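S.K.: Can you keep this structure in mind? I'll have questions shortly.
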Number of protein chains: 2
Amino acid sequence: MISCYKNPNKLWCLEEEGYRPEKTKHYEGLLTQGSQGLHLRASYEEGLAAAPQDESYMRLPANVTVEKPRHPRSKAGCYIPGVTGIHPLLNEVVVNLPNPLTIRLWAEGEPVDMDSPQMGDYARHLDMRDGVLYRSFSWKTDKGLVSWGISRYVSRAVPGLIVQRLEVSADYEANIRLEAAVDTKVTTNGYNHFTDREEFRVAGCFGAAVDTDNGDHVEMVSVLSPNAGEPETWEGVLTPGKTMEVWRLTLAASSRDEKAPCREEMCQKLNSLIVNPSALYAPHAAAWDALWEKGRVEIQGDEEAQRAVNMALYHLLRSANPRDSRVAVCAKGYAGEAYFGHFFWDTEMYLLPYFLYTNPETARALVGFRLNTLEGARKNAAHYGYPGARYPWESSLTGEEQCPNWQYCDHEVHVTADVAFGIWHTYTATRDLEFLKKAMPVLAETARYWLARCHFDADGSVHINGVMGPDEYICFCDDNAYTNTLVKKALGYTLESCRLTGSELLSQQEQEKIRACMEGLTVFRDSRGILQQCRDFDRYEEPDFETLWPDRSRPFGGTVSQERNYRTKALKQADVLMLPYLFPDSMGQEELEKTYAYYYPYTTHDSSLSYIIHAILKARMGHGDEALTLFRKSLGIDLDGGAAEGIHIANCGGIWQGVVLGFCGMGCSYQQEKLTFAPHLPAHWRKVSFPVVWQGQEHFVEITHEGVVIDGEKQK
Amino acid sequence: MISCYKNPNKLWCLEEEGYRPEKTKHYEGLLTQGSQGLHLRASYEEGLAAAPQDESYMRLPANVTVEKPRHPRSKAGCYIPGVTGIHPLLNEVVVNLPNPLTIRLWAEGEPVDMDSPQMGDYARHLDMRDGVLYRSFSWKTDKGLVSWGISRYVSRAVPGLIVQRLEVSADYEANIRLEAAVDTKVTTNGYNHFTDREEFRVAGCFGAAVDTDNGDHVEMVSVLSPNAGEPETWEGVLTPGKTMEVWRLTLAASSRDEKAPCREEMCQKLNSLIVNPSALYAPHAAAWDALWEKGRVEIQGDEEAQRAVNMALYHLLRSANPRDSRVAVCAKGYAGEAYFGHFFWDTEMYLLPYFLYTNPETARALVGFRLNTLEGARKNAAHYGYPGARYPWESSLTGEEQCPNWQYCDHEVHVTADVAFGIWHTYTATRDLEFLKKAMPVLAETARYWLARCHFDADGSVHINGVMGPDEYICFCDDNAYTNTLVKKALGYTLESCRLTGSELLSQQEQEKIRACMEGLTVFRDSRGILQQCRDFDRYEEPDFETLWPDRSRPFGGTVSQERNYRTKALKQADVLMLPYLFPDSMGQEELEKTYAYYYPYTTHDSSLSYIIHAILKARMGHGDEALTLFRKSLGIDLDGGAAEGIHIANCGGIWQGVVLGFCGMGCSYQQEKLTFAPHLPAHWRKVSFPVVWQGQEHFVEITHEGVVIDGEKQK
């Protein structure tokens, strides 16, 4: 452990440049560590005196959003995917668990705090290869200088294990005190979800247990070595020039585990592991190596892009869990509390491709989540008065709608088509007919929903009225082109799946109606032939960006009133342009250029899902410079200060798509039988290489300006 | 007092038919008493054991509405208009104050409760002539029968005074105990708004004081006579056959009063009044007589209608306050907590006409509220990014928006035009140029808002996009006919007011732009020439009422999902039809018939504002039977069980309009110079008579099937 402490590899390193108090929270999100079932924000062990972690708040006034600005300085976070609470306004939310990292530090009886002028020589970085976080700083006392080095990781080899190592030395005989804790005085989005908290000691260990208001139980047990007097504490006098080393191991377990957590057993295990804590690193690092081996992308000629791509893949690999299809990856990748741990269309449209083409097992867990939540989707359909299944805009663990704002959950019906699209994508990428058979109930039930939700006009045309498309700045429109197209595709995939699996879940009569629906579904074009985002899109008012949006550093949606936004052509993100992105064959180059030129000036990119789609289209159109500019915007979303409330995990998936589907021009399996590439590398990118799994076969792809090499073989 | 106790006049009596537990809450609302600055729901003095009054609740889940169903059995209510609290979700709300009516009753040590089988001979009625509420019942003990008679009123002569009288007798030597209290353990919409509560005794009196979380202070002081031992209590043994009489007087005062409340002075006053409590009735009754003299409507030939009209006028006279333009009449007429005490467009469109034409002083207080809240309206405009003044959909005391649901406050912009319309209506009904001068800033500032809010198209046409009209079942549409017409009217009234007052508040340039706006404002018609509720209304889906609305006893909006409702032609209430109602000249008979026939089948009347408009139009069209059917629907809204959460006070105003503007066909002052009537009385109505004030002149109108007589003079 601490192998690259002094000499990190820049390409694999997320490094803080000195201590900047205003960036603390951003780095807490950006440097989030975790392993599938346990995720930890990069808060300081000792906390910050200026940032209490048990704030309670409610929104006031109620008018527009249910969120109150959160504490700006720091938010510690510990999340176990699937451990949830019930919030009166936000519904089911992922719960911020007791902080298992807490170690309060004293030198000469004074508490250590990063905000203090006594602090110096601050350095911190996360090594993305192994997910180890390193921090070092010095602390000036009246008597001399104390040097600290603190590192930690969440083990990829031992489920639920957190390893912390603390080194401290001084240039004098310093009095040092450490006090470790599992801090239960924490809130989630300003709300206490613990119905019970217990702090305990057991056989040389200490810990805490909580019950959440959604019925989960969590135990965390720690051991500190060496400790003195009390198991949580070490206190002593340093020998000048000699480094004192303290280890802390923590196990976290929950009622979601196969076996009910038992603190005595956890303590026993910790007591055996603490004998040789250094030995824990090798299997952990090996597990990360294996992940990177399958999931890496190498870009030669652009170190900035390489590092940013590594960041994106690091968080994808961290947050997805191939072994648990009872959860998916939440919108902030379990690196913060925004979006409340809910699951969005991100799953299918932004996260799935990376895993499908690099780690199909993980992809299947993600899609498996939708299969597992069919019953919830049925309830949603019934709630809205329809037969079949309607997937939620913001999903709970059971697939029931959690979105606290009705305009989204009522109207963003496209998610139900996206789920079917994700199933078909998974099938075509894997050719796993058994999977498709298992997915048939989802396809059949979502098709039934559409047959009821679509409006069959007397003239045979079919309309989907009163929807919100991917662009959330038009709140209620008819015949959104994206929605209607995806529904038509989903229905087609469903019919094809019936044929392939021989399923009789849908009657011949239902299949007939599906065909009529597909035939009648209408998209609209304006007088110049441009695909309209929705019927009447051309009638929306021109957004006066110059007057209404003087400060482009703020989102347009945060500058203008919602009612004004809703009646202009201002777009939050790609909407019509999602179609040529997903289905390149559907639009010729000329039409794509025209369509792009029409919509781009209206697009605010207030959504983190926006830039990467535009980058990919620009790459495919052969406009390398513009593509790269847009790609870099996407790379910067989290890296450049946006990670305070968590990671924009969908954009992380988008970044992989940007490289592989955009610049390298890979065709997707729902479009073509064979693995092919039509690359448009930026001029200074010498080579991009990456593994791809295609229909069960592992390939290695190398793309240069000279051409495409797959498994060492040059492609024509 | 208790003059008509045994022999109430049915036409003036709201009577309960025996004790029906499921109707308790309805009658609490329907029999609400009050006088301008103090209102009391008709809860029982002794309360109901089954209905605690200090419930706390929050909505769960959050999805559609911010209200949780309230306690179904009983809700005591005491409201002082303008005494408010701040709710985290509902914003400023009228606060349910400590219950000043509480008198717990015991016989033989057993508490009296209306739900008990010991209770019998229950009778209760409110005399609408004087606002006195009478209740009598018997109570069976092991030893015999106790008879109770309890009456009370809120004095119209002494501000803030509540008079209670209790009579009790028994057929044996009964042990009776009374314990009066000002009960501070009450919540408003399940929320505690008291930051401080104090119960006190002072010089033979007792009482309580509270502070609200919006900074108001309320004092309530009571005296009980006779009392024994403690000032709150009377206890004794009854002489068989002899009636024991106990009086309680209570004074309520608040920090809103001119003079800060002083409990010692209040107690002193009570001690002087309690010497002869019977004497308090005469001036109270005289004040009510004077109100009825000015505000009555007499219908000969329809006792049911007469009684219902009396009910409507009773609550209008009770709830409006000519002496306080710092408040208006809230949506539930201070008879319940629904709509949270907010002020709506009801003020101008439903309440104002009755007062304008019967009691202009009160009308001026209502409009004065809008003049007083201009600053708040300016803040609303700025909040949405506009110059000028934008009146709120749900007004606070300062005119700021309080609506917790954005689709209403963001989109129901018509209220700003309604306010201007109300000003012009007031001016034309009074010809008071001084008033118009005072109102000029409102007219000018609202016009400025419209110039920014309207969309001036390149072709010279002007559109108001992204609105909700009066019909709240279409949430977001362009060019709502009602909105566009009212804005055009409001702008016209504004220009005319500039001319009349010589005001230079609007520059010539602004006036020019107003003219262009009026000229360009567009309404749309379908292919048959029918005025469209909004652009594209004909494209909304047909509502399949037969399938979606099997149980017509429930509102359509409570049966169907909101998203489904929002994309159909289903209407909550009159929208286009508000126009021929307000401006009869704007639509010929043939067009009106056609327009009515088109919209009526889509109209669910889920809003209490709906029936009366249709009734009036039907009356004017000469379809007497249908008009009467619709009018009776309106009469039944509160009377037939709908008053549990308060009085639909706008409908009460509507009922007066139904009689006077509908069946009697009075023309309004904004339409014509002279007072005229074009009556269409229902066949069995022999005569309708009522006073009218027209431009400062008091008239008495008598309408029969033979013709119209004004001030004894038959009209041609």
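Following the order of the structure tokens, chains are lettered A, B, ..., residues in each are numbered from 1, and ligands are numbered from 1.
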Find the spatial neighbours of B:Met468, counting only C-alpha atoms, within a cut-off of 12 Å - ignore same-chain residues fewer than 5 positions away - and output them as a PyMOL selection string.
M.R.: (chain A and resi 563) or (chain B and resi 393+406-415+473-484+533-534+566+571-572+575)
S.K.: Please identify all residues of chain A having at least one atom at most 9 Å from any atom of chain B, considering only C-alpha atoms, and return them as a PyMOL selection string.
M.R.: chain A and resi 58-64+87-91+383-385+402-407+410-411+453+455+457+465-467+475-476+478+540-541+548+560-564+566-567
S.K.: Just write the chosen residues, N, CA and C atoms, as a compact mmCIF listing (two decimals), in the first residue's frame.
M.R.:
```txt
# COMPACT_ATOMS: atom_id res chain seq x y z
N MET A 58 -35.68 21.83 5.60
CA MET A 58 -36.87 21.59 4.77
C MET A 58 -36.88 22.73 3.77
N ARG A 59 -37.49 22.49 2.63
CA ARG A 59 -37.52 23.57 1.65
C ARG A 59 -38.48 24.67 2.11
N LEU A 60 -38.09 25.88 1.82
CA LEU A 60 -38.87 27.06 2.20
C LEU A 60 -38.47 28.20 1.29
N PRO A 61 -39.27 28.74 0.43
CA PRO A 61 -40.65 28.33 0.20
C PRO A 61 -40.72 27.12 -0.73
N ALA A 62 -41.93 26.70 -0.97
CA ALA A 62 -42.13 25.43 -1.63
C ALA A 62 -42.16 25.54 -3.15
N ASN A 63 -42.07 26.72 -3.64
CA ASN A 63 -42.58 26.95 -4.99
C ASN A 63 -42.05 26.09 -6.12
N VAL A 64 -40.78 26.04 -6.30
CA VAL A 64 -40.30 25.43 -7.54
C VAL A 64 -39.61 24.09 -7.33
N HIS A 87 -38.40 9.62 2.69
CA HIS A 87 -38.47 11.05 2.98
C HIS A 87 -39.88 11.55 2.65
N PRO A 88 -40.44 12.41 3.48
CA PRO A 88 -41.84 12.81 3.24
C PRO A 88 -42.05 13.51 1.90
N LEU A 89 -41.02 14.15 1.36
CA LEU A 89 -41.20 14.84 0.09
C LEU A 89 -40.50 14.13 -1.06
N LEU A 90 -39.39 13.51 -0.77
CA LEU A 90 -38.55 12.95 -1.83
C LEU A 90 -38.81 11.46 -2.04
N ASN A 91 -39.63 10.88 -1.19
CA ASN A 91 -39.98 9.47 -1.27
C ASN A 91 -38.77 8.60 -0.90
N HIS A 383 -51.51 2.86 -11.56
CA HIS A 383 -51.68 4.14 -10.88
C HIS A 383 -52.14 5.24 -11.85
N TYR A 384 -51.61 5.17 -13.06
CA TYR A 384 -51.98 6.18 -14.06
C TYR A 384 -53.22 5.77 -14.87
N GLY A 385 -53.73 4.58 -14.56
CA GLY A 385 -54.96 4.15 -15.24
C GLY A 385 -54.73 3.39 -16.53
N GLN A 402 -40.75 7.46 -7.96
CA GLN A 402 -40.32 8.22 -6.78
C GLN A 402 -40.16 9.71 -7.06
N CYS A 403 -40.30 10.09 -8.31
CA CYS A 403 -40.02 11.47 -8.69
C CYS A 403 -40.95 12.43 -7.96
N PRO A 404 -40.40 13.40 -7.23
CA PRO A 404 -41.27 14.28 -6.47
C PRO A 404 -41.89 15.40 -7.30
N ASN A 405 -41.49 15.55 -8.56
CA ASN A 405 -42.04 16.62 -9.39
C ASN A 405 -42.85 16.01 -10.54
N TRP A 406 -44.15 16.28 -10.51
CA TRP A 406 -45.05 15.55 -11.41
C TRP A 406 -44.76 15.81 -12.87
N GLN A 407 -44.23 16.98 -13.23
CA GLN A 407 -44.06 17.22 -14.67
C GLN A 407 -43.11 16.21 -15.30
N ASP A 410 -44.92 12.33 -14.72
CA ASP A 410 -46.15 12.19 -15.51
C ASP A 410 -45.85 12.14 -17.01
N HIS A 411 -44.86 12.91 -17.43
CA HIS A 411 -44.73 13.16 -18.87
C HIS A 411 -43.54 12.53 -19.55
N ARG A 453 -51.72 3.91 -24.01
CA ARG A 453 -51.26 5.30 -23.86
C ARG A 453 -51.30 6.07 -25.17
N HIS A 455 -52.64 7.53 -28.67
CA HIS A 455 -53.94 7.99 -29.10
C HIS A 455 -54.13 7.63 -30.57
N ASP A 457 -55.97 7.99 -33.75
CA ASP A 457 -56.87 8.97 -34.33
C ASP A 457 -57.78 8.30 -35.37
N ASN A 465 -49.61 12.16 -27.00
CA ASN A 465 -49.82 13.54 -26.61
C ASN A 465 -49.45 13.77 -25.15
N GLY A 466 -49.17 15.03 -24.84
CA GLY A 466 -48.94 15.40 -23.44
C GLY A 466 -47.71 14.75 -22.85
N VAL A 467 -46.57 14.90 -23.50
CA VAL A 467 -45.34 14.29 -22.99
C VAL A 467 -44.24 15.34 -22.83
N CYS A 475 -42.28 21.28 -21.31
CA CYS A 475 -42.83 20.44 -20.24
C CYS A 475 -43.99 19.59 -20.67
N PHE A 476 -44.60 19.93 -21.77
CA PHE A 476 -45.86 19.27 -22.11
C PHE A 476 -46.10 19.50 -23.58
N ASP A 478 -47.02 17.52 -27.67
CA ASP A 478 -47.57 16.38 -28.39
C ASP A 478 -46.53 15.83 -29.35
N TYR A 540 -42.94 27.66 -30.84
CA TYR A 540 -42.41 28.12 -29.57
C TYR A 540 -41.62 29.42 -29.78
N GLU A 541 -41.59 30.24 -28.73
CA GLU A 541 -40.93 31.54 -28.86
C GLU A 541 -39.42 31.39 -28.94
N LEU A 548 -31.77 37.36 -21.55
CA LEU A 548 -32.19 36.53 -20.41
C LEU A 548 -31.05 35.74 -19.79
N VAL A 560 -33.58 32.03 -15.76
CA VAL A 560 -34.87 32.48 -16.28
C VAL A 560 -35.97 31.78 -15.48
N SER A 561 -37.13 32.40 -15.39
CA SER A 561 -38.23 31.74 -14.69
C SER A 561 -38.71 30.56 -15.51
N GLN A 562 -39.18 29.55 -14.78
CA GLN A 562 -39.56 28.30 -15.45
C GLN A 562 -40.64 28.52 -16.51
N GLU A 563 -41.64 29.36 -16.19
CA GLU A 563 -42.73 29.54 -17.16
C GLU A 563 -42.22 30.17 -18.45
N ARG A 564 -41.22 31.02 -18.33
CA ARG A 564 -40.67 31.65 -19.51
C ARG A 564 -39.86 30.63 -20.32
N TYR A 566 -40.30 27.44 -20.32
CA TYR A 566 -41.20 26.42 -20.88
C TYR A 566 -41.87 26.87 -22.18
N ARG A 567 -41.91 28.17 -22.43
CA ARG A 567 -42.59 28.55 -23.66
C ARG A 567 -41.66 29.06 -24.75
```
S.K.: Just the residues within 10 Å of B:Leu14, please, counting only C-alpha atoms, with nothing from its chain fewer than 4 positions along; format it as number ranges by chain.
M.R.: B: 8-10, 27, 30-31, 124-128, 133, 307-308, 310-311, 639
S.K.: Let's have the selection written as a PDB file, in the first residue's frame, with N, CA and C atoms.
M.R.:
```pdb
ATOM      1  N   PRO B   8     -88.085  28.119  14.669  1.00  0.00           N
ATOM      2  CA  PRO B   8     -87.300  28.830  13.663  1.00  0.00           C
ATOM      3  C   PRO B   8     -88.056  28.976  12.344  1.00  0.00           C
ATOM      4  N   ASN B   9     -87.769  30.052  11.664  1.00  0.00           N
ATOM      5  CA  ASN B   9     -88.342  30.292  10.340  1.00  0.00           C
ATOM      6  C   ASN B   9     -87.507  29.517   9.332  1.00  0.00           C
ATOM      7  N   LYS B  10     -88.140  28.558   8.685  1.00  0.00           N
ATOM      8  CA  LYS B  10     -87.409  27.646   7.791  1.00  0.00           C
ATOM      9  C   LYS B  10     -86.569  28.384   6.755  1.00  0.00           C
ATOM     10  N   TYR B  27     -71.423  20.204   8.896  1.00  0.00           N
ATOM     11  CA  TYR B  27     -72.187  21.248   9.594  1.00  0.00           C
ATOM     12  C   TYR B  27     -71.278  22.235  10.315  1.00  0.00           C
ATOM     13  N   LEU B  30     -70.748  24.595   7.493  1.00  0.00           N
ATOM     14  CA  LEU B  30     -71.958  25.266   7.002  1.00  0.00           C
ATOM     15  C   LEU B  30     -72.501  26.268   8.004  1.00  0.00           C
ATOM     16  N   LEU B  31     -72.407  25.923   9.298  1.00  0.00           N
ATOM     17  CA  LEU B  31     -72.994  26.782  10.340  1.00  0.00           C
ATOM     18  C   LEU B  31     -71.960  27.738  10.940  1.00  0.00           C
ATOM     19  N   ARG B 124     -80.215  21.097  16.238  1.00  0.00           N
ATOM     20  CA  ARG B 124     -79.323  22.250  16.116  1.00  0.00           C
ATOM     21  C   ARG B 124     -79.713  23.053  14.890  1.00  0.00           C
ATOM     22  N   HIS B 125     -79.659  24.355  15.022  1.00  0.00           N
ATOM     23  CA  HIS B 125     -79.869  25.203  13.843  1.00  0.00           C
ATOM     24  C   HIS B 125     -79.175  26.548  14.006  1.00  0.00           C
ATOM     25  N   LEU B 126     -78.868  27.097  12.842  1.00  0.00           N
ATOM     26  CA  LEU B 126     -78.318  28.455  12.808  1.00  0.00           C
ATOM     27  C   LEU B 126     -79.389  29.370  12.251  1.00  0.00           C
ATOM     28  N   ASP B 127     -79.676  30.440  12.981  1.00  0.00           N
ATOM     29  CA  ASP B 127     -80.601  31.445  12.468  1.00  0.00           C
ATOM     30  C   ASP B 127     -79.810  32.459  11.652  1.00  0.00           C
ATOM     31  N   MET B 128     -80.077  32.471  10.361  1.00  0.00           N
ATOM     32  CA  MET B 128     -79.247  33.311   9.486  1.00  0.00           C
ATOM     33  C   MET B 128     -79.561  34.796   9.623  1.00  0.00           C
ATOM     34  N   LEU B 133     -76.444  30.447  16.813  1.00  0.00           N
ATOM     35  CA  LEU B 133     -76.437  28.989  16.684  1.00  0.00           C
ATOM     36  C   LEU B 133     -77.037  28.375  17.945  1.00  0.00           C
ATOM     37  N   ARG B 307     -84.095  29.828   0.742  1.00  0.00           N
ATOM     38  CA  ARG B 307     -83.268  29.435   1.883  1.00  0.00           C
ATOM     39  C   ARG B 307     -81.791  29.318   1.463  1.00  0.00           C
ATOM     40  N   ALA B 308     -81.572  28.751   0.281  1.00  0.00           N
ATOM     41  CA  ALA B 308     -80.195  28.574  -0.182  1.00  0.00           C
ATOM     42  C   ALA B 308     -79.555  29.925  -0.493  1.00  0.00           C
ATOM     43  N   ASN B 310     -80.367  32.711   0.916  1.00  0.00           N
ATOM     44  CA  ASN B 310     -80.094  33.296   2.237  1.00  0.00           C
ATOM     45  C   ASN B 310     -78.780  32.761   2.803  1.00  0.00           C
ATOM     46  N   MET B 311     -78.571  31.447   2.649  1.00  0.00           N
ATOM     47  CA  MET B 311     -77.327  30.838   3.128  1.00  0.00           C
ATOM     48  C   MET B 311     -76.123  31.512   2.472  1.00  0.00           C
ATOM     49  N   LEU B 639     -74.701  23.481   0.724  1.00  0.00           N
ATOM     50  CA  LEU B 639     -75.854  23.011   1.497  1.00  0.00           C
ATOM     51  C   LEU B 639     -75.943  21.501   1.557  1.00  0.00           C
TER      52      LEU B 639
END
```
S.K.: Just want the 9 Å neighbourhood of B:Phe421, counted on only C-alpha atoms, with same-chain residues fewer than 5 positions away dropped. Output as a VMD selection string.
M.R.: chain B and resid 348 to 349 416 426 486 to 487 489 to 490 493
S.K.: For A:Gly520, which of A:Val688, A:Leu582, A:Ala439, A:Cys454 is the closest residue, counting only C-alpha atoms?
M.R.: A:Cys454
S.K.: How far is it from atom CA of B:Thr141 to atom CA of B:Arg73, in Å with one decimal?
M.R.: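 So the two atoms, atom CA of B:Thr141 and atom CA of B:Arg73, lie 25.3 Å apart.
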S.K.: Running DSSP on the backbone, which parts of stretch 274-491 of chain B land in strand (DSSP E or B), as a PyMOL selection string?
M.R.: chain B and resi 298-300+343+395+401+455-456+462-463+467+477
S.K.: Please identify all polymer residues within 12 Å of A:Gln697, counting only C-alpha atoms, omitting same-chain residues fewer than 3 positions from it, and present them as a PyMOL selection string.
M.R.: chain A and resi 356-360+429-431+674-675+691-694+700+710-711
S.K.: Write to file, as a CSV table (one decimal), in the first residue's frame, the residues of the selection just made, with N, CA and C atoms.
M.R.:
```csv
chain,number,residue,atom,x,y,z
A,356,LEU,N,-22.1,-3.2,-21.7
A,356,LEU,CA,-22.5,-4.2,-22.7
A,356,LEU,C,-21.2,-4.6,-23.5
A,357,TYR,N,-20.4,-3.7,-23.8
A,357,TYR,CA,-19.3,-3.9,-24.8
A,357,TYR,C,-18.0,-4.2,-24.1
A,358,THR,N,-18.0,-4.2,-22.7
A,358,THR,CA,-16.7,-4.5,-22.0
A,358,THR,C,-16.9,-5.5,-20.9
A,359,ASN,N,-18.1,-5.5,-20.3
A,359,ASN,CA,-18.4,-6.4,-19.2
A,359,ASN,C,-19.8,-6.8,-19.2
A,360,PRO,N,-20.2,-7.7,-20.1
A,360,PRO,CA,-21.6,-8.0,-20.2
A,360,PRO,C,-22.3,-8.5,-19.0
A,429,ALA,N,-26.3,-7.4,-28.4
A,429,ALA,CA,-24.9,-7.4,-28.1
A,429,ALA,C,-24.4,-8.7,-27.6
A,430,THR,N,-25.4,-9.5,-27.1
A,430,THR,CA,-25.0,-10.8,-26.5
A,430,THR,C,-25.5,-12.0,-27.2
A,431,ARG,N,-26.5,-11.8,-28.0
A,431,ARG,CA,-27.2,-12.9,-28.7
A,431,ARG,C,-27.6,-14.0,-27.7
A,674,LYS,N,-22.1,-7.1,-37.5
A,674,LYS,CA,-20.6,-7.2,-37.3
A,674,LYS,C,-20.0,-6.0,-36.5
A,675,LEU,N,-18.9,-6.3,-35.9
A,675,LEU,CA,-18.2,-5.2,-35.2
A,675,LEU,C,-17.4,-4.4,-36.2
A,691,PRO,N,-10.4,-2.9,-25.3
A,691,PRO,CA,-11.0,-4.2,-25.5
A,691,PRO,C,-12.5,-4.0,-25.7
A,692,VAL,N,-13.1,-4.9,-26.5
A,692,VAL,CA,-14.5,-4.9,-26.8
A,692,VAL,C,-15.0,-6.3,-26.7
A,693,VAL,N,-16.1,-6.5,-26.1
A,693,VAL,CA,-16.8,-7.8,-26.2
A,693,VAL,C,-18.0,-7.7,-27.1
A,694,TRP,N,-18.0,-8.5,-28.2
A,694,TRP,CA,-19.0,-8.4,-29.2
A,694,TRP,C,-19.7,-9.8,-29.3
A,700,PHE,N,-9.7,-7.0,-29.2
A,700,PHE,CA,-8.9,-5.8,-28.8
A,700,PHE,C,-8.8,-4.9,-30.0
A,710,ILE,N,-8.2,-4.9,-35.5
A,710,ILE,CA,-9.0,-5.7,-34.5
A,710,ILE,C,-8.2,-7.0,-34.3
A,711,ASP,N,-7.9,-7.3,-33.0
A,711,ASP,CA,-7.2,-8.5,-32.7
A,711,ASP,C,-5.9,-8.6,-33.5
```
S.K.: Among stretch 410-561 of chain A, which residues does DSSP mark as helix (DSSP H, G or I) when it is run on the backbone? Keep the chain and numbering as in the structure and answer as number ranges by chain.
M.R.: A: 410-411, 414-430, 433-453, 481-501, 508-520, 537-539, 545-548, 556-558
S.K.: So which one's closest to A:Gly229, A:His193, A:Arg263, A:Arg177, A:Arg41? Using only C-alpha atoms, please.
M.R.: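 Looking only at the distances to A:Gly229, the closest residue turns out to be A:Arg177.
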S.K.: Env of B:Leu433: 12 Å cut, atoms = only C-alpha atoms, seq-sep filter 3 positions within chain, self excluded. Answer as a ChimeraX atom specification.
M.R.: /B:423-424,426-430,436-440,497-503,695
S.K.: Which neighbours of stretch 622-630 of chain B fall inside 10 Å, counting only C-alpha atoms, when residues of the same chain fewer than 5 positions from it are skipped, and could you give them as a list of chain:residue names?
M.R.: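 These residues fall inside the cut-off: B:Ala305, B:Ser610, B:Tyr611, B:Ile612, B:Ile613, B:His614, B:Ala615, B:Ile616, B:Leu617, B:Leu635, B:Gly636, B:Gly658, B:Gly662, B:Phe663, B:Pro679, B:His680, B:Leu681, B:Pro682, B:Ala683.
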S.K.: Give me, please, the distance in Å between atom CA of A:Lys294 and atom CA of A:Phe690, quoted to one decimal.
M.R.: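 Taking atom CA of A:Lys294 and atom CA of A:Phe690, their separation equals 8.4 Å.
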S.K.: Using only C-alpha atoms, pick whichever of A:Ala619, A:Ile514, A:Val218, A:Ile299 has the shortest atom-to-atom distance to A:Lys687.
M.R.: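 Going through A:Ala619, A:Ile514, A:Val218, A:Ile299 one by one, the smallest distance to A:Lys687 is for A:Ile299.
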S.K.: Report, in Å to a single decimal, how far apart atom CA of A:Asn99 and atom CA of A:Ala181 are.
M.R.: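 Computing the Euclidean distance for atom CA of A:Ala181 and atom CA of A:Asn99 yields 8.0 Å.
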